[in-house]
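> Structure file final_23.cif (mmCIF, C-alpha atoms) is given on the next line.
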data_data
#
loop_
_atom_site.label_atom_id
_atom_site.label_comp_id
_atom_site.auth_asym_id
_atom_site.auth_seq_id
_atom_site.Cartn_x
_atom_site.Cartn_y
_atom_site.Cartn_z
CA MET A 1 60.94 26.04 112.47
CA THR A 2 61.72 28.37 109.59
CA ALA A 3 65.08 30.12 109.30
CA LEU A 4 63.34 33.47 109.85
CA ASP A 5 61.66 32.22 113.02
CA ALA A 6 64.93 30.72 114.27
CA TRP A 7 66.67 34.07 113.71
CA ALA A 8 64.05 35.95 115.72
CA GLU A 9 64.01 33.35 118.50
CA GLN A 10 67.79 33.40 118.89
CA LEU A 11 67.85 37.19 119.10
CA ALA A 12 65.08 37.16 121.72
CA ALA A 13 67.25 34.89 123.86
CA TRP A 14 69.70 37.77 124.34
CA ALA A 15 67.30 39.60 126.65
CA ILE A 16 69.00 40.23 129.99
CA PRO A 17 67.17 38.51 132.88
CA ASP A 18 64.74 40.90 134.55
CA HIS A 19 66.26 40.56 138.02
CA ILE A 20 69.67 41.61 136.73
CA VAL A 21 68.34 44.63 134.82
CA ALA A 22 66.29 45.67 137.85
CA ALA A 23 69.40 45.71 140.03
CA ALA A 24 71.59 47.54 137.50
CA PRO A 25 72.58 51.05 138.62
CA GLU A 26 72.78 52.26 134.98
CA SER A 27 71.29 51.23 131.67
CA PRO A 28 73.27 48.38 130.06
CA TRP A 29 72.34 49.61 126.59
CA VAL A 30 75.48 51.64 126.02
CA LEU A 31 76.20 53.35 122.71
CA PRO A 32 79.95 54.10 122.74
CA LYS A 33 80.05 57.02 120.31
CA ALA A 34 83.84 57.19 120.44
CA VAL A 35 84.08 53.67 119.00
CA PHE A 36 82.00 54.64 115.96
CA THR A 37 83.94 57.83 115.32
CA ARG A 38 87.34 56.19 115.67
CA ARG A 39 86.35 53.40 113.28
CA ALA A 40 85.06 55.88 110.71
CA ASP A 41 88.20 58.00 110.87
CA ARG A 42 90.46 54.99 110.54
CA TYR A 43 88.60 53.45 107.60
CA VAL A 44 88.32 56.76 105.74
CA GLY A 45 92.09 57.07 106.03
CA SER A 46 92.70 53.42 105.16
CA PRO A 47 89.77 51.60 103.48
CA VAL A 48 89.74 47.90 104.22
CA GLY A 49 87.62 44.79 103.85
CA ALA A 50 85.25 43.00 101.51
CA SER A 51 82.38 45.44 102.17
CA TYR A 52 84.48 48.35 100.88
CA GLU A 53 85.60 46.35 97.86
CA GLU A 54 82.02 45.38 97.04
CA LEU A 55 80.83 48.97 97.47
CA ARG A 56 83.59 50.32 95.24
CA LYS A 57 82.76 47.71 92.55
CA ALA A 58 79.01 48.39 92.75
CA LEU A 59 79.49 52.16 92.41
CA GLN A 60 81.32 51.57 89.13
CA ASP A 61 82.62 55.03 88.18
CA LYS A 62 80.18 56.99 90.34
CA GLY A 63 76.87 56.49 92.09
CA THR A 64 74.50 57.26 94.94
CA VAL A 65 74.53 55.45 98.27
CA LEU A 66 71.97 54.84 101.01
CA ASP A 67 73.65 53.86 104.28
CA ILE A 68 71.32 52.23 106.80
CA GLY A 69 72.52 52.50 110.42
CA VAL A 70 75.25 54.83 109.24
CA GLY A 71 76.86 55.49 112.63
CA ALA A 72 79.72 57.91 111.93
CA GLY A 73 80.10 56.65 108.35
CA ALA A 74 82.65 53.82 108.60
CA ALA A 75 80.94 51.71 105.93
CA SER A 76 80.28 54.35 103.27
CA LEU A 77 82.62 57.33 103.71
CA PRO A 78 85.78 55.40 102.69
CA ALA A 79 84.33 55.38 99.14
CA ALA A 80 83.74 59.14 99.21
CA GLU A 81 85.43 59.93 95.89
CA PHE A 82 83.01 57.65 94.04
CA ILE A 83 79.79 58.83 95.73
CA THR A 84 77.65 61.51 94.08
CA HIS A 85 75.09 61.65 96.91
CA LEU A 86 74.87 59.84 100.23
CA THR A 87 71.70 59.42 102.30
CA ALA A 88 72.45 58.53 105.91
CA VAL A 89 69.83 56.81 108.09
CA ASP A 90 70.33 56.30 111.82
CA ALA A 91 68.16 56.43 114.93
CA ASN A 92 70.85 58.29 116.88
CA ALA A 93 71.01 62.05 116.33
CA ASP A 94 74.52 62.39 117.80
CA LEU A 95 75.93 59.84 115.37
CA LEU A 96 74.20 61.55 112.45
CA THR A 97 75.93 64.76 113.49
CA GLU A 98 79.29 62.97 113.57
CA PHE A 99 78.60 61.54 110.13
CA ALA A 100 77.59 64.94 108.72
CA GLN A 101 80.80 66.57 109.94
CA ARG A 102 82.88 63.93 108.18
CA ALA A 103 80.79 63.94 104.99
CA THR A 104 81.05 67.72 104.77
CA ALA A 105 84.81 67.61 105.27
CA LEU A 106 85.05 65.07 102.43
CA GLY A 107 82.88 67.20 100.16
CA ILE A 108 80.07 64.67 99.85
CA GLU A 109 76.56 65.89 99.10
CA HIS A 110 74.44 64.21 101.76
CA GLU A 111 71.08 63.98 103.46
CA LEU A 112 70.34 62.95 107.03
CA VAL A 113 67.31 60.89 108.02
CA GLN A 114 66.79 60.14 111.69
CA GLY A 115 64.80 57.01 112.40
CA ARG A 116 64.75 53.26 112.08
CA TRP A 117 64.69 51.23 108.93
CA PRO A 118 62.29 50.35 107.37
CA ASP A 119 60.03 52.77 109.28
CA VAL A 120 61.58 55.75 107.46
CA ALA A 121 61.90 54.10 104.05
CA GLY A 122 59.03 56.18 102.70
CA ASP A 123 61.06 59.33 103.42
CA VAL A 124 64.07 58.12 101.44
CA ASP A 125 64.75 57.96 97.71
CA PRO A 126 66.23 54.80 96.16
CA ALA A 127 69.99 54.72 95.59
CA ASP A 128 72.37 52.88 93.34
CA VAL A 129 73.80 51.00 96.32
CA VAL A 130 72.29 50.31 99.73
CA ILE A 131 74.81 49.42 102.43
CA CYS A 132 74.04 48.31 105.97
CA ALA A 133 76.86 47.47 108.37
CA ASN A 134 76.65 45.97 111.85
CA VAL A 135 72.88 46.38 112.16
CA LEU A 136 71.34 43.00 111.34
CA TYR A 137 71.80 41.54 114.85
CA ASN A 138 69.45 44.26 116.07
CA VAL A 139 66.70 43.26 113.62
CA PRO A 140 64.49 40.37 114.78
CA ASP A 141 61.95 40.83 111.98
CA LEU A 142 64.12 40.39 108.92
CA ARG A 143 61.45 40.20 106.21
CA PRO A 144 60.36 43.88 106.02
CA PHE A 145 63.89 45.07 106.74
CA VAL A 146 65.48 43.06 103.93
CA GLU A 147 62.65 43.66 101.48
CA ALA A 148 63.11 47.41 101.95
CA LEU A 149 66.89 47.15 101.50
CA THR A 150 66.38 45.30 98.24
CA GLY A 151 63.57 47.53 97.04
CA TRP A 152 65.60 50.71 97.53
CA ALA A 153 68.73 49.50 95.69
CA ARG A 154 69.09 50.00 91.94
CA ARG A 155 72.32 48.02 91.67
CA ARG A 156 73.44 46.28 94.83
CA VAL A 157 72.68 45.61 98.48
CA ILE A 158 75.68 45.15 100.79
CA VAL A 159 75.20 43.91 104.35
CA GLU A 160 78.10 43.55 106.77
CA LEU A 161 77.90 41.71 110.08
CA ALA A 162 80.15 39.92 112.52
CA ASP A 163 80.49 36.20 111.82
CA ALA A 164 79.16 35.49 115.34
CA HIS A 165 76.79 37.66 117.34
CA PRO A 166 79.08 40.38 118.76
CA LEU A 167 77.74 40.04 122.31
CA THR A 168 79.25 36.55 122.50
CA SER A 169 82.52 38.33 123.30
CA LEU A 170 81.01 39.12 126.71
CA ASN A 171 79.74 35.60 127.45
CA ALA A 172 82.65 34.54 129.64
CA LEU A 173 82.27 37.74 131.67
CA TRP A 174 78.55 37.13 132.19
CA LYS A 175 79.42 33.69 133.49
CA HIS A 176 82.16 35.08 135.73
CA PHE A 177 80.13 37.88 137.30
CA HIS A 178 76.55 36.55 137.20
CA ASP A 179 76.99 32.78 136.70
CA ILE A 180 74.61 32.72 133.75
CA ASP A 181 75.08 31.23 130.31
CA ARG A 182 74.42 33.54 127.41
CA PRO A 183 73.40 32.50 123.87
CA LEU A 184 75.83 31.61 121.11
CA GLY A 185 73.68 32.54 118.12
CA PRO A 186 72.54 33.65 115.72
CA THR A 187 75.45 33.79 113.30
CA ALA A 188 76.09 35.22 109.85
CA GLU A 189 75.29 31.78 108.44
CA ASP A 190 71.89 31.99 110.10
CA ALA A 191 71.40 35.37 108.45
CA ALA A 192 72.29 33.90 105.06
CA ALA A 193 69.80 31.06 105.61
CA ALA A 194 67.07 33.56 106.44
CA LEU A 195 67.88 35.56 103.31
CA ARG A 196 67.56 32.43 101.19
CA GLU A 197 64.15 31.84 102.74
CA LEU A 198 63.23 35.31 101.51
CA GLY A 199 64.30 34.43 97.99
CA VAL A 200 67.69 36.16 98.22
CA GLU A 201 70.82 34.19 97.36
CA PRO A 202 73.65 36.31 98.78
CA GLU A 203 77.25 36.29 97.69
CA ILE A 204 79.30 35.63 100.84
CA ALA A 205 82.76 37.04 101.58
CA ARG A 206 84.53 36.31 104.86
CA TRP A 207 87.32 38.56 106.07
CA ARG A 208 89.16 39.69 109.17
CA ARG A 209 88.96 43.23 110.53
CA PRO A 210 92.41 44.59 111.45
CA SER A 211 93.06 45.07 115.14
CA MET A 212 92.74 48.65 116.35
CA ALA A 213 92.42 50.59 119.58
CA GLU A 214 88.74 51.50 119.66
CA TYR A 215 89.07 53.43 122.91
CA ARG A 216 91.71 55.99 123.77
CA ARG A 217 92.08 54.56 127.27
CA PHE A 218 91.62 51.12 128.77
CA GLY A 219 89.45 52.74 131.45
CA GLU A 220 86.85 53.63 128.82
CA LEU A 221 86.57 49.99 127.76
CA VAL A 222 86.29 48.96 131.42
CA ASP A 223 83.48 51.45 132.07
CA VAL A 224 81.44 50.46 128.99
CA THR A 225 81.92 46.75 129.69
CA ARG A 226 80.93 47.20 133.34
CA ARG A 227 77.71 48.92 132.32
CA ARG A 228 76.93 46.28 129.70
CA LEU A 229 77.28 43.68 132.43
CA CYS A 230 74.88 45.59 134.73
CA LEU A 231 77.60 46.04 137.37
CA PRO A 232 78.05 49.02 139.74
CA PRO A 233 80.93 51.53 139.48
CA GLU A 234 82.73 49.91 142.41
CA ALA A 235 83.15 46.76 140.28
CA ALA A 236 85.43 48.57 137.82
CA ASP A 237 88.66 47.08 139.20
CA ASP A 238 87.21 43.57 139.05
CA VAL A 239 86.09 44.13 135.45
CA ALA A 240 89.54 45.42 134.52
CA GLU A 241 91.16 42.35 136.06
CA ALA A 242 88.73 40.04 134.23
CA LEU A 243 89.40 41.77 130.91
CA ARG A 244 93.15 41.38 131.36
CA GLY A 245 92.52 37.74 132.27
CA GLN A 246 90.81 37.32 128.89
CA GLY A 247 93.95 38.55 127.17
CA ILE A 248 92.71 42.08 126.39
CA ASP A 249 95.65 44.37 125.68
CA ALA A 250 95.21 47.45 127.87
CA GLY A 251 97.34 49.43 125.41
CA ASN A 252 95.11 48.49 122.46
CA PRO A 253 91.58 48.31 123.91
CA PRO A 254 88.93 46.94 121.53
CA ASP A 255 85.21 47.34 121.99
CA LEU A 256 83.44 44.19 123.17
CA GLY A 257 79.85 43.88 122.10
CA SER A 258 79.37 46.12 119.06
CA SER A 259 81.21 44.16 116.35
CA GLY A 260 83.82 41.48 115.89
CA ARG A 261 87.07 40.96 114.02
CA GLU A 262 85.75 37.97 112.05
CA VAL A 263 83.42 39.63 109.56
CA VAL A 264 81.06 38.47 106.81
CA THR A 265 79.85 40.56 103.89
CA LEU A 266 76.59 39.46 102.25
CA SER A 267 75.66 41.09 98.95
CA TRP A 268 72.98 40.68 96.32
CA SER A 269 71.35 42.46 93.39
CA GLY A 270 68.86 45.20 94.11
CA SER A 271 65.31 45.18 92.81
CA PRO A 272 64.30 48.83 92.80
CA LYS A 273 60.75 49.68 93.75
CA TRP A 274 60.67 52.61 91.32
CA GLY A 275 62.49 51.57 88.19
CA SER A 276 65.88 53.14 87.60
#
Here is the file; what I need is its structure written in the form of structure tokens.

Amino acid sequence: MTALDAWAEQLAAWAIPDHIVAAAPESPWVLPKAVFTRRADRYVGSPVGASYEELRKALQDKGTVLDIGVGAGAASLPAAEFITHLTAVDANADLLTEFAQRATALGIEHELVQGRWPDVAGDVDPADVVICANVLYNVPDLRPFVEALTGWARRRVIVELADAHPLTSLNALWKHFHDIDRPLGPTAEDAAAALRELGVEPEIARWRRPSMAEYRRFGELVDVTRRRLCLPPEAADDVAEALRGQGIDAGNPPDLGSSGREVVTLSWSGSPKWGS
């Protein structure tokens, strides 16, 4: 099996069993907007991590940025003073609005493109740097995605992802509440192997994301986690107890399932589709 096929197969294994989804009172596919906005605000105020350092180096004195899966801007906005124009791509209109508010406040000239990469690549101009944070685990077909990242970057492509699939943080809870074993992969190393199969030899930087409260209240974490586990509202107390049993600090509630603290930054040279 090729590395690309293994990547796609491991992601497919994360599908929730049909009988559990059918019994769920609410959709388990929760997008916790507050988590994205709190991360963006924190990192704008205090830039951190190898992805920021790589972005700052790639921008040199100044440059343009294309942020794929921008969210509220946590990956790109911390480098605001070095960005001459920022194109933000995301499928979620609410997150694009959150990004735009922050970009405007920082005085960054920007453009919003709603849609999925690489479907909307034809609507986007190349940039000096293409950055893509915490998206790759949602991309089973890596070839067109990565080829478009590389083809739209004049200088550098920067991809950030959790070292292990972020949903693994919920595995013990799936076992506790549903008695099912969830996958363990893929990992960032699997992503790097797939990139090499595509002819990309990434530079790899491993780092640790500082701990932060990603929800204002522990109850918010409980509610999102309950929904992700396909449990009814009356299970909230049981979920809270299970989270505390896992050592979750109720006074500093992290998000489980959208990223991790052990992070890997993969970067490589761009190969622009339209010259410079």
> Between CA of Thr168 in chain A and CA of Glu197 in chain A, what is the distance in Å, rounded to a tenth?
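Distance between the two atoms: 25.3 Å.
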> With the PyMOL selection byres ((chain A and resi 152) around 8) as the selection, what would be picked from this file? Answer as a list in words, please.
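When the PyMOL selection byres ((chain A and resi 152) around 8) is applied, the selected residues are Asp125, Pro126, Ala127, Val130, Ala148, Leu149, Thr150, Gly151, Ala153, Arg154, Gly270, Ser271, Pro272 and Lys273 of chain A.
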> If you apply the PyMOL selection byres ((chain A and resi 219) around 10) to this file, what residues do you get, as a list of chain:residue names?
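This file, filtered by the PyMOL selection byres ((chain A and resi 219) around 10), leaves A:Tyr215, A:Arg216, A:Arg217, A:Phe218, A:Glu220, A:Leu221, A:Val222, A:Asp223, A:Val224, A:Thr225, A:Ala236, A:Asp237, A:Ala240, A:Ala250, A:Pro253.
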> If I take CA of Asp163 in chain A and CA of Gly63 in chain A, how far is one from the other in Å, to one decimal?
28.5 Å
> Could you name the residues that touch Asn171 in chain A at 10 Å or less, counting only C-alpha atoms, but leaving out those on the same chain fewer than 4 positions away, as a compact mmCIF listing (two decimals) with C-alpha atoms, in the frame of the given file?

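Output file result_10.txt follows:
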# COMPACT_ATOMS: atom_id res chain seq x y z
CA PRO A 166 79.08 40.38 118.76
CA LEU A 167 77.74 40.04 122.31
CA LYS A 175 79.42 33.69 133.49
CA HIS A 176 82.16 35.08 135.73
CA ILE A 180 74.61 32.72 133.75
CA ASP A 181 75.08 31.23 130.31
CA ARG A 182 74.42 33.54 127.41
CA PRO A 183 73.40 32.50 123.87
CA LEU A 184 75.83 31.61 121.11
CA LEU A 229 77.28 43.68 132.43
CA GLY A 257 79.85 43.88 122.10
> Please indicate the distance in Å from CA of Trp7 in chain A to CA of Val139 in chain A, rounded to one decimal place.
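CA of Trp7 in chain A sits 9.2 Å away from CA of Val139 in chain A.
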> Hey, what's within 6 Å of range 27-38 of chain A if we count only C-alpha atoms and toss same-chain stuff fewer than 6 positions away? As a short mmCIF file (atom, residue, chain, number, x, y, z; two decimals) with C-alpha atoms, keeping the file's coordinate frame, please?

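Produced file result-v2.cif, reproduced below:
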data_model
loop_
_atom_site.label_atom_id
_atom_site.label_comp_id
_atom_site.auth_asym_id
_atom_site.auth_seq_id
_atom_site.Cartn_x
_atom_site.Cartn_y
_atom_site.Cartn_z
CA ALA A 72 79.72 57.91 111.93
CA GLU A 214 88.74 51.50 119.66
CA ARG A 227 77.71 48.92 132.32
CA ARG A 228 76.93 46.28 129.70
CA CYS A 230 74.88 45.59 134.73
#
> Select, from A:Ser211, A:Phe82, A:Asp41, A:Ala24, the residue with the minimum atom-to-atom distance to Leu231 in chain A, counting all atoms listed in the file.
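Smallest distance to Leu231 in chain A is found for A:Ala24.
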> When you count only C-alpha atoms, which of these residues is closest to Asn134 in chain A: A:Asp249, A:Asp94, A:Asp18, A:Asp67?
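Selected residue with least distance to Asn134 in chain A: A:Asp67.
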> In the coordinates of the file, take the point (73.5, 60.2, 113.8) and a cut-off of 12 Å; then, counting all atoms listed in the file, name each qualifying protein, DNA or RNA residue as a PyMOL selection string.
chain A and resi 31+33+36-37+67-73+87-102+111-116
> Applied to the shown file, which residues does the PyMOL selection byres ((chain A and resi 206) around 12) return, written as a list in words?
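Expected selection for the PyMOL selection byres ((chain A and resi 206) around 12) here is Gly49, Ala50, Ser51, Glu160, Leu161, Ala162, Asp163, Ala164, Ala188, Glu189, Glu203, Ile204, Ala205, Trp207, Arg208, Arg209, Arg261, Glu262, Val263, Val264, Thr265, Leu266 and Ser267 of chain A.
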> Residues of the last selection are to be written out with C-alpha atoms, as a CSV table (one decimal), in the coordinates of the input.

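Wrote again14.csv, looks like this:
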chain,number,residue,atom,x,y,z
A,49,GLY,CA,87.6,44.8,103.8
A,50,ALA,CA,85.2,43.0,101.5
A,51,SER,CA,82.4,45.4,102.2
A,160,GLU,CA,78.1,43.6,106.8
A,161,LEU,CA,77.9,41.7,110.1
A,162,ALA,CA,80.2,39.9,112.5
A,163,ASP,CA,80.5,36.2,111.8
A,164,ALA,CA,79.2,35.5,115.3
A,188,ALA,CA,76.1,35.2,109.8
A,189,GLU,CA,75.3,31.8,108.4
A,203,GLU,CA,77.2,36.3,97.7
A,204,ILE,CA,79.3,35.6,100.8
A,205,ALA,CA,82.8,37.0,101.6
A,207,TRP,CA,87.3,38.6,106.1
A,208,ARG,CA,89.2,39.7,109.2
A,209,ARG,CA,89.0,43.2,110.5
A,261,ARG,CA,87.1,41.0,114.0
A,262,GLU,CA,85.8,38.0,112.0
A,263,VAL,CA,83.4,39.6,109.6
A,264,VAL,CA,81.1,38.5,106.8
A,265,THR,CA,79.8,40.6,103.9
A,266,LEU,CA,76.6,39.5,102.2
A,267,SER,CA,75.7,41.1,99.0
> List every protein, DNA or RNA residue that has an atom no more than 12 Å from (65.1, 33.4, 98.5) in the file's coordinate frame, counting only C-alpha atoms, and report them as a PyMOL selection string.
chain A and resi 3-4+143+146-147+150+191-202+268
> Can you give me N, CA, C and O atoms for range 8-27 of chain A, written as a tab-separated table (two decimals), keeping the file's coordinate frame?

chain	number	residue	atom	x	y	z
A	8	ALA	N	64.74	35.12	114.73
A	8	ALA	CA	64.05	35.95	115.72
A	8	ALA	C	64.12	35.33	117.11
A	8	ALA	O	64.32	36.04	118.12
A	9	GLU	N	63.98	34.02	117.20
A	9	GLU	CA	64.01	33.35	118.50
A	9	GLU	C	65.40	33.45	119.13
A	9	GLU	O	65.51	33.67	120.35
A	10	GLN	N	66.43	33.30	118.34
A	10	GLN	CA	67.79	33.40	118.89
A	10	GLN	C	68.09	34.82	119.37
A	10	GLN	O	68.75	35.00	120.40
A	11	LEU	N	67.63	35.82	118.65
A	11	LEU	CA	67.85	37.19	119.10
A	11	LEU	C	67.08	37.48	120.39
A	11	LEU	O	67.59	38.17	121.29
A	12	ALA	N	65.88	36.94	120.51
A	12	ALA	CA	65.08	37.16	121.72
A	12	ALA	C	65.76	36.57	122.95
A	12	ALA	O	65.61	37.08	124.07
A	13	ALA	N	66.56	35.53	122.74
A	13	ALA	CA	67.25	34.89	123.86
A	13	ALA	C	68.32	35.77	124.49
A	13	ALA	O	68.81	35.47	125.58
A	14	TRP	N	68.69	36.86	123.80
A	14	TRP	CA	69.70	37.77	124.34
A	14	TRP	C	69.15	38.73	125.39
A	14	TRP	O	69.91	39.50	125.99
A	15	ALA	N	67.86	38.73	125.62
A	15	ALA	CA	67.30	39.60	126.65
A	15	ALA	C	67.99	39.32	127.99
A	15	ALA	O	68.21	38.18	128.37
A	16	ILE	N	68.36	40.38	128.68
A	16	ILE	CA	69.00	40.23	129.99
A	16	ILE	C	67.93	39.87	131.02
A	16	ILE	O	66.84	40.47	131.02
A	17	PRO	N	68.17	38.88	131.87
A	17	PRO	CA	67.17	38.51	132.88
A	17	PRO	C	66.66	39.72	133.67
A	17	PRO	O	67.44	40.61	134.04
A	18	ASP	N	65.37	39.74	133.91
A	18	ASP	CA	64.74	40.90	134.55
A	18	ASP	C	65.38	41.25	135.89
A	18	ASP	O	65.55	42.44	136.21
A	19	HIS	N	65.74	40.25	136.69
A	19	HIS	CA	66.26	40.56	138.02
A	19	HIS	C	67.63	41.24	137.95
A	19	HIS	O	67.98	42.04	138.82
A	20	ILE	N	68.37	40.97	136.89
A	20	ILE	CA	69.67	41.61	136.73
A	20	ILE	C	69.50	43.06	136.26
A	20	ILE	O	70.15	43.98	136.76
A	21	VAL	N	68.61	43.26	135.30
A	21	VAL	CA	68.34	44.63	134.82
A	21	VAL	C	67.79	45.49	135.95
A	21	VAL	O	68.18	46.65	136.12
A	22	ALA	N	66.91	44.91	136.76
A	22	ALA	CA	66.29	45.67	137.85
A	22	ALA	C	67.32	46.13	138.87
A	22	ALA	O	67.16	47.20	139.49
A	23	ALA	N	68.38	45.36	139.05
A	23	ALA	CA	69.40	45.71	140.03
A	23	ALA	C	70.52	46.57	139.46
A	23	ALA	O	71.38	47.05	140.21
A	24	ALA	N	70.51	46.78	138.15
A	24	ALA	CA	71.59	47.54	137.50
A	24	ALA	C	71.50	49.01	137.87
A	24	ALA	O	70.42	49.62	137.79
A	25	PRO	N	72.61	49.64	138.26
A	25	PRO	CA	72.58	51.05	138.62
A	25	PRO	C	72.48	51.99	137.41
A	25	PRO	O	72.09	53.15	137.55
A	26	GLU	N	72.83	51.47	136.21
A	26	GLU	CA	72.78	52.26	134.98
A	26	GLU	C	72.26	51.37	133.86
A	26	GLU	O	72.31	50.15	133.95
A	27	SER	N	71.77	52.00	132.81
A	27	SER	CA	71.29	51.23	131.67
A	27	SER	C	72.45	50.45	131.04
A	27	SER	O	73.53	50.99	130.82
